[in-house]
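Student: Quick one: the structure is below, questions incoming.
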Amino acid sequence: MTSRRDFLKGASLLTMGGMLVPELAFSATAVKKNKAAKGKTLGLQTYSLGPELTKDGKMAEVLMKLHDAGYTDLELAGYDGNGKVSGVPVAEYKKMVDDAGLRVMSSHMNPHLNRGEKYGKATLGKISDFWKKACDDHAVFDMPYIVQPGLPGINSLEDAQAVAEVYNVAGEISKKYGMQWGYHNHDREFGRVTAGGSNVNTDHRARDGRQIEEIFITETDPDKVAIELDVYWTVMGGQDPVEWIDKYPTRIQLLHIKDRLVLGQSGMMNFEQIFKHFYANGQKTYFVEVEDIGSGHQLERVQASAKYLISSNFVK
Ligand code: MG
């Protein structure tokens with residue numbers, strides 16, 4: 001349910017210019033023309049390809065096939081913390097993307113912490129250094145978003161709040177590089193934590209405590225932290241993604257469009273309503289994700305998913 005207060009909050013941020021629409025600060029805004037896309041914008045999270053992306057040194061050809069399938073945008077995965085993504089130096093990666101007529105909109109990465117280290121004051125310096133280097137390395141892509149997909153260790157409300165504080169810092173750093181920082185969920189974020197608690201309650205019927213995802217949204221600065229909602233994992237967390245999209249119209253700026261495997265096949269995802277409500281918020285950036293990495297069928301599933309989106313009249 002969208003409360004009027006949330007709506008107004010979003011509206012006032014927009015008019016004050018506090019809620020910078022990242023693409024305004026981003027020069028390569030135009031989606032590249034792609035006949036196969038039939039005028040639509042189709043994004044793909046490259047994690048979907050697993051080892052097939054770089055197999056036999058044929059990455060340039062694979063990217064070309066993505067373009068031919070109708071994809072226009074990419075969200076990268078596989079940053080190594082030191083100048084390479086999927087094992088490829090970023091400048092080389094960028095050239096291949098350009099040659100294939102694609103654009104990079106985002107990239108996924110998690111700061112590396114050692115076993116036993118937690119998000120908080122003690123690790124803030126290390127995490128900040130990670131994001132500075134990551135933003136520096138990704139500058140070549142001229143991309144509007146940079147996203148963390150992994151949930152740090154959280155057992156209590158205090159843990160979740162400490163993580164939210166670190167996200168604010170990551171967001172502040174990214175903003176200096178002209179990128180909007182974002183957080184991507186799985187299902188555990190819809191579990192609940194309590195003050196002084198020692199575990200996450202993932203029982204969908206639980207009502208005590210607060211959901212981690214809600215803490216991340218409401219206890220971070222809207223200007224610094226955006227949300228990438230993975231709609232499949234939201235459903236797996238016992239939630240209706242449409243309700244979250246309606247409730248946080250300016251915070252949920254990105255979607256992961258994901259089904260059990262190929263989009264539209266399981267029948268468990270209401271993509272029509274998801275797209276409709278997302279577009280109604282003035283948002284449009286999404287990435288297809290297909291898991292089952294290493295199956296040897298990734299590229300064909302990614303291609304079949306593009307076909308589904310191109311033939312679905314609710315996708316713009
Ligand atoms: Mg995802």
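In the structure tokens, chains take the letters A, B, ... in the order shown, each chain's residues start at 1, and ligands count up from 1 in the order shown.
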Hey, what does DSSP flag as alpha helix (DSSP H) within segment 28-212 of chain A? Can you give it to me as a ChimeraX atom specification?
Tutor: /A:59-69,90-99,121-138,157-176,212
Student: Let me see if you get this right: every residue at most 10 Å from ligand 1, counting only C-alpha atoms and all ligand atoms, written as a list in words.
Tutor: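 Counting only C-alpha atoms and all ligand atoms, the residues within 10 Å of ligand 1 come out as Gln45, Tyr47, Ser48, His108, Pro149, Gly150, His184, Asn185, His186, Glu228, Leu229, Asp230, Val231, Tyr232, Trp233, Thr234, Leu255, His256, Ile257, Lys258, Phe287, Val288, Glu289, Val290 and Glu291 of chain A.
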Student: Between atom CA of Ala91 of chain A and atom CA of Ser305 of chain A, what is the spacing in Å?
Tutor: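 These two atoms are separated by 28.6 Å.
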Student: Could you give me, as a ChimeraX atom specification, the residues within 10 Å of Trp131 of chain A, counting only C-alpha atoms and dropping anything in the same chain fewer than 2 positions from it?
Tutor: /A:81,109-111,126-129,133-137,146,169-174,181
Student: Using the selection just defined, write its residues with N, CA, C and O atoms as a PDB file, in the first residue's frame.
Tutor:
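For reference, part04.pdb as written:
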```pdb
ATOM      1  N   GLY A  81      37.692  -6.360  -7.950  1.00  0.00           N
ATOM      2  CA  GLY A  81      38.259  -5.434  -6.968  1.00  0.00           C
ATOM      3  C   GLY A  81      39.521  -4.746  -7.451  1.00  0.00           C
ATOM      4  O   GLY A  81      40.101  -3.921  -6.751  1.00  0.00           O
ATOM      5  N   MET A 109      28.685  -5.787  -7.240  1.00  0.00           N
ATOM      6  CA  MET A 109      29.905  -6.165  -6.514  1.00  0.00           C
ATOM      7  C   MET A 109      29.670  -6.074  -5.018  1.00  0.00           C
ATOM      8  O   MET A 109      28.807  -5.319  -4.564  1.00  0.00           O
ATOM      9  N   ASN A 110      30.460  -6.861  -4.277  1.00  0.00           N
ATOM     10  CA  ASN A 110      30.390  -6.816  -2.814  1.00  0.00           C
ATOM     11  C   ASN A 110      31.784  -6.543  -2.259  1.00  0.00           C
ATOM     12  O   ASN A 110      32.742  -7.180  -2.692  1.00  0.00           O
ATOM     13  N   PRO A 111      31.884  -5.649  -1.283  1.00  0.00           N
ATOM     14  CA  PRO A 111      33.182  -5.470  -0.621  1.00  0.00           C
ATOM     15  C   PRO A 111      33.574  -6.777   0.060  1.00  0.00           C
ATOM     16  O   PRO A 111      32.704  -7.480   0.593  1.00  0.00           O
ATOM     17  N   LYS A 126      37.864   0.120   5.344  1.00  0.00           N
ATOM     18  CA  LYS A 126      38.130  -0.917   4.340  1.00  0.00           C
ATOM     19  C   LYS A 126      37.032  -0.925   3.270  1.00  0.00           C
ATOM     20  O   LYS A 126      37.308  -1.001   2.065  1.00  0.00           O
ATOM     21  N   ILE A 127      35.787  -0.838   3.730  1.00  0.00           N
ATOM     22  CA  ILE A 127      34.654  -0.858   2.789  1.00  0.00           C
ATOM     23  C   ILE A 127      34.656   0.410   1.929  1.00  0.00           C
ATOM     24  O   ILE A 127      34.424   0.353   0.717  1.00  0.00           O
ATOM     25  N   SER A 128      34.970   1.545   2.529  1.00  0.00           N
ATOM     26  CA  SER A 128      35.029   2.808   1.769  1.00  0.00           C
ATOM     27  C   SER A 128      36.104   2.724   0.685  1.00  0.00           C
ATOM     28  O   SER A 128      35.880   3.157  -0.454  1.00  0.00           O
ATOM     29  N   ASP A 129      37.265   2.182   1.052  1.00  0.00           N
ATOM     30  CA  ASP A 129      38.349   2.037   0.062  1.00  0.00           C
ATOM     31  C   ASP A 129      37.910   1.160  -1.099  1.00  0.00           C
ATOM     32  O   ASP A 129      38.243   1.430  -2.255  1.00  0.00           O
ATOM     33  N   LYS A 133      37.764   2.494  -5.079  1.00  0.00           N
ATOM     34  CA  LYS A 133      38.475   1.773  -6.153  1.00  0.00           C
ATOM     35  C   LYS A 133      37.463   1.268  -7.197  1.00  0.00           C
ATOM     36  O   LYS A 133      37.688   1.353  -8.399  1.00  0.00           O
ATOM     37  N   ALA A 134      36.335   0.741  -6.717  1.00  0.00           N
ATOM     38  CA  ALA A 134      35.311   0.204  -7.625  1.00  0.00           C
ATOM     39  C   ALA A 134      34.761   1.310  -8.534  1.00  0.00           C
ATOM     40  O   ALA A 134      34.599   1.106  -9.747  1.00  0.00           O
ATOM     41  N   CYS A 135      34.493   2.470  -7.956  1.00  0.00           N
ATOM     42  CA  CYS A 135      33.960   3.587  -8.751  1.00  0.00           C
ATOM     43  C   CYS A 135      35.006   4.058  -9.770  1.00  0.00           C
ATOM     44  O   CYS A 135      34.681   4.330 -10.925  1.00  0.00           O
ATOM     45  N   ASP A 136      36.237   4.123  -9.307  1.00  0.00           N
ATOM     46  CA  ASP A 136      37.341   4.510 -10.194  1.00  0.00           C
ATOM     47  C   ASP A 136      37.431   3.548 -11.379  1.00  0.00           C
ATOM     48  O   ASP A 136      37.494   3.957 -12.534  1.00  0.00           O
ATOM     49  N   ASP A 137      37.443   2.265 -11.081  1.00  0.00           N
ATOM     50  CA  ASP A 137      37.568   1.249 -12.120  1.00  0.00           C
ATOM     51  C   ASP A 137      36.375   1.257 -13.086  1.00  0.00           C
ATOM     52  O   ASP A 137      36.516   0.922 -14.253  1.00  0.00           O
ATOM     53  N   ILE A 146      25.654   1.716  -9.447  1.00  0.00           N
ATOM     54  CA  ILE A 146      26.619   0.723  -8.963  1.00  0.00           C
ATOM     55  C   ILE A 146      25.938   0.027  -7.780  1.00  0.00           C
ATOM     56  O   ILE A 146      25.391   0.698  -6.900  1.00  0.00           O
ATOM     57  N   VAL A 169      27.346   5.612   3.507  1.00  0.00           N
ATOM     58  CA  VAL A 169      28.713   6.037   3.169  1.00  0.00           C
ATOM     59  C   VAL A 169      29.072   5.579   1.754  1.00  0.00           C
ATOM     60  O   VAL A 169      29.622   6.346   0.951  1.00  0.00           O
ATOM     61  N   ALA A 170      28.717   4.352   1.430  1.00  0.00           N
ATOM     62  CA  ALA A 170      28.974   3.843   0.065  1.00  0.00           C
ATOM     63  C   ALA A 170      28.261   4.736  -0.952  1.00  0.00           C
ATOM     64  O   ALA A 170      28.813   5.065  -2.016  1.00  0.00           O
ATOM     65  N   GLY A 171      27.038   5.134  -0.606  1.00  0.00           N
ATOM     66  CA  GLY A 171      26.252   5.978  -1.507  1.00  0.00           C
ATOM     67  C   GLY A 171      26.865   7.357  -1.690  1.00  0.00           C
ATOM     68  O   GLY A 171      26.839   7.925  -2.780  1.00  0.00           O
ATOM     69  N   GLU A 172      27.427   7.865  -0.613  1.00  0.00           N
ATOM     70  CA  GLU A 172      28.055   9.185  -0.662  1.00  0.00           C
ATOM     71  C   GLU A 172      29.302   9.151  -1.553  1.00  0.00           C
ATOM     72  O   GLU A 172      29.532  10.051  -2.358  1.00  0.00           O
ATOM     73  N   ILE A 173      30.074   8.098  -1.400  1.00  0.00           N
ATOM     74  CA  ILE A 173      31.285   7.932  -2.224  1.00  0.00           C
ATOM     75  C   ILE A 173      30.887   7.823  -3.701  1.00  0.00           C
ATOM     76  O   ILE A 173      31.426   8.530  -4.563  1.00  0.00           O
ATOM     77  N   SER A 174      29.927   6.952  -3.992  1.00  0.00           N
ATOM     78  CA  SER A 174      29.521   6.714  -5.389  1.00  0.00           C
ATOM     79  C   SER A 174      29.005   7.987  -6.046  1.00  0.00           C
ATOM     80  O   SER A 174      29.273   8.241  -7.231  1.00  0.00           O
ATOM     81  N   TRP A 181      24.363   4.715  -5.941  1.00  0.00           N
ATOM     82  CA  TRP A 181      24.593   3.417  -5.308  1.00  0.00           C
ATOM     83  C   TRP A 181      23.256   2.719  -5.043  1.00  0.00           C
ATOM     84  O   TRP A 181      22.247   3.390  -4.760  1.00  0.00           O
TER      85      TRP A 181
END
```
Student: Got a sec to tell me which of segment 25-140 of chain A DSSP assigns to strand (DSSP E or B), as a list in words?
Tutor: Gly43, Leu44, Gln45, Asp73, Leu74, Glu75, Leu76, Tyr79, Lys84, Val85, Val88, Pro89, Arg103, Val104, Met105, Ser106, Ser107 and His108 of chain A
Student: Within 9 Å of Arg103 of chain A, counting only C-alpha atoms, which residues qualify if same-chain residues fewer than 5 places away don't, as a list in words?
Tutor: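 Near neighbours after the sequence-gap exclusion: Ala28, Ala30, Val31, Lys32, Thr72, Asp73, Leu74, Glu75, Lys94, Val97, Asp98, Phe141 and Met143 of chain A.
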Student: Store the residues picked out above in a file with N, CA, C and O atoms, as a tab-separated table (two decimals), in the first residue's frame.
Tutor:
```
chain	number	residue	atom	x	y	z
A	28	ALA	N	25.90	9.20	-21.41
A	28	ALA	CA	25.50	8.24	-22.44
A	28	ALA	C	24.06	7.77	-22.22
A	28	ALA	O	23.78	6.59	-22.10
A	30	ALA	N	21.29	7.91	-24.07
A	30	ALA	CA	20.46	7.36	-25.14
A	30	ALA	C	20.64	5.85	-25.25
A	30	ALA	O	21.76	5.35	-25.32
A	31	VAL	N	19.52	5.17	-25.25
A	31	VAL	CA	19.58	3.73	-25.48
A	31	VAL	C	19.99	3.54	-26.93
A	31	VAL	O	19.57	4.28	-27.82
A	32	LYS	N	20.88	2.59	-27.17
A	32	LYS	CA	21.35	2.41	-28.54
A	32	LYS	C	20.28	1.72	-29.37
A	32	LYS	O	19.58	0.84	-28.89
A	72	THR	N	19.55	-4.28	-25.03
A	72	THR	CA	20.14	-2.96	-25.26
A	72	THR	C	21.08	-2.57	-24.13
A	72	THR	O	22.02	-1.82	-24.35
A	73	ASP	N	20.79	-3.06	-22.92
A	73	ASP	CA	21.53	-2.62	-21.73
A	73	ASP	C	22.11	-3.81	-20.95
A	73	ASP	O	21.55	-4.90	-20.97
A	74	LEU	N	23.19	-3.53	-20.24
A	74	LEU	CA	23.80	-4.55	-19.39
A	74	LEU	C	23.98	-4.04	-17.97
A	74	LEU	O	24.24	-2.86	-17.75
A	75	GLU	N	23.87	-4.97	-17.03
A	75	GLU	CA	24.35	-4.74	-15.68
A	75	GLU	C	25.43	-5.81	-15.49
A	75	GLU	O	25.18	-7.01	-15.65
A	94	LYS	N	34.72	-2.48	-22.05
A	94	LYS	CA	33.94	-1.34	-22.56
A	94	LYS	C	33.96	-1.32	-24.10
A	94	LYS	O	32.94	-1.06	-24.74
A	97	VAL	N	31.62	-3.93	-25.47
A	97	VAL	CA	30.22	-3.53	-25.25
A	97	VAL	C	29.81	-2.50	-26.32
A	97	VAL	O	28.75	-2.61	-26.94
A	98	ASP	N	30.69	-1.53	-26.56
A	98	ASP	CA	30.41	-0.50	-27.57
A	98	ASP	C	30.29	-1.14	-28.96
A	98	ASP	O	29.37	-0.83	-29.72
A	141	PHE	N	32.94	3.01	-17.89
A	141	PHE	CA	31.64	2.58	-18.43
A	141	PHE	C	30.62	3.72	-18.48
A	141	PHE	O	29.58	3.57	-19.10
A	143	MET	N	28.49	4.74	-16.35
A	143	MET	CA	27.21	4.11	-16.00
A	143	MET	C	26.53	4.85	-14.84
A	143	MET	O	27.20	5.40	-13.99
```
Student: So what do you get for atom CA of Asn155 of chain A versus atom CA of Thr220 of chain A, distance-wise?
Tutor: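 Taking atom CA of Asn155 of chain A and atom CA of Thr220 of chain A, their separation equals 18.5 Å.
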Student: Which residues are near segment 116-121 of chain A? Cut-off 8 Å, only C-alpha atoms, ignore same chain within fewer than 3 positions. Put them as a PyMOL selection string.
Tutor: chain A and resi 113+124-125+152-153+159+162-163+165-166
Student: What lies within 8 Å of segment 275-286 of chain A using only C-alpha atoms, ignoring chain neighbours under 4 positions off, as a VMD selection string?
Tutor: chain A and resid 42 to 44 242 245 to 246 249 to 250 253 to 257 271 314 to 315
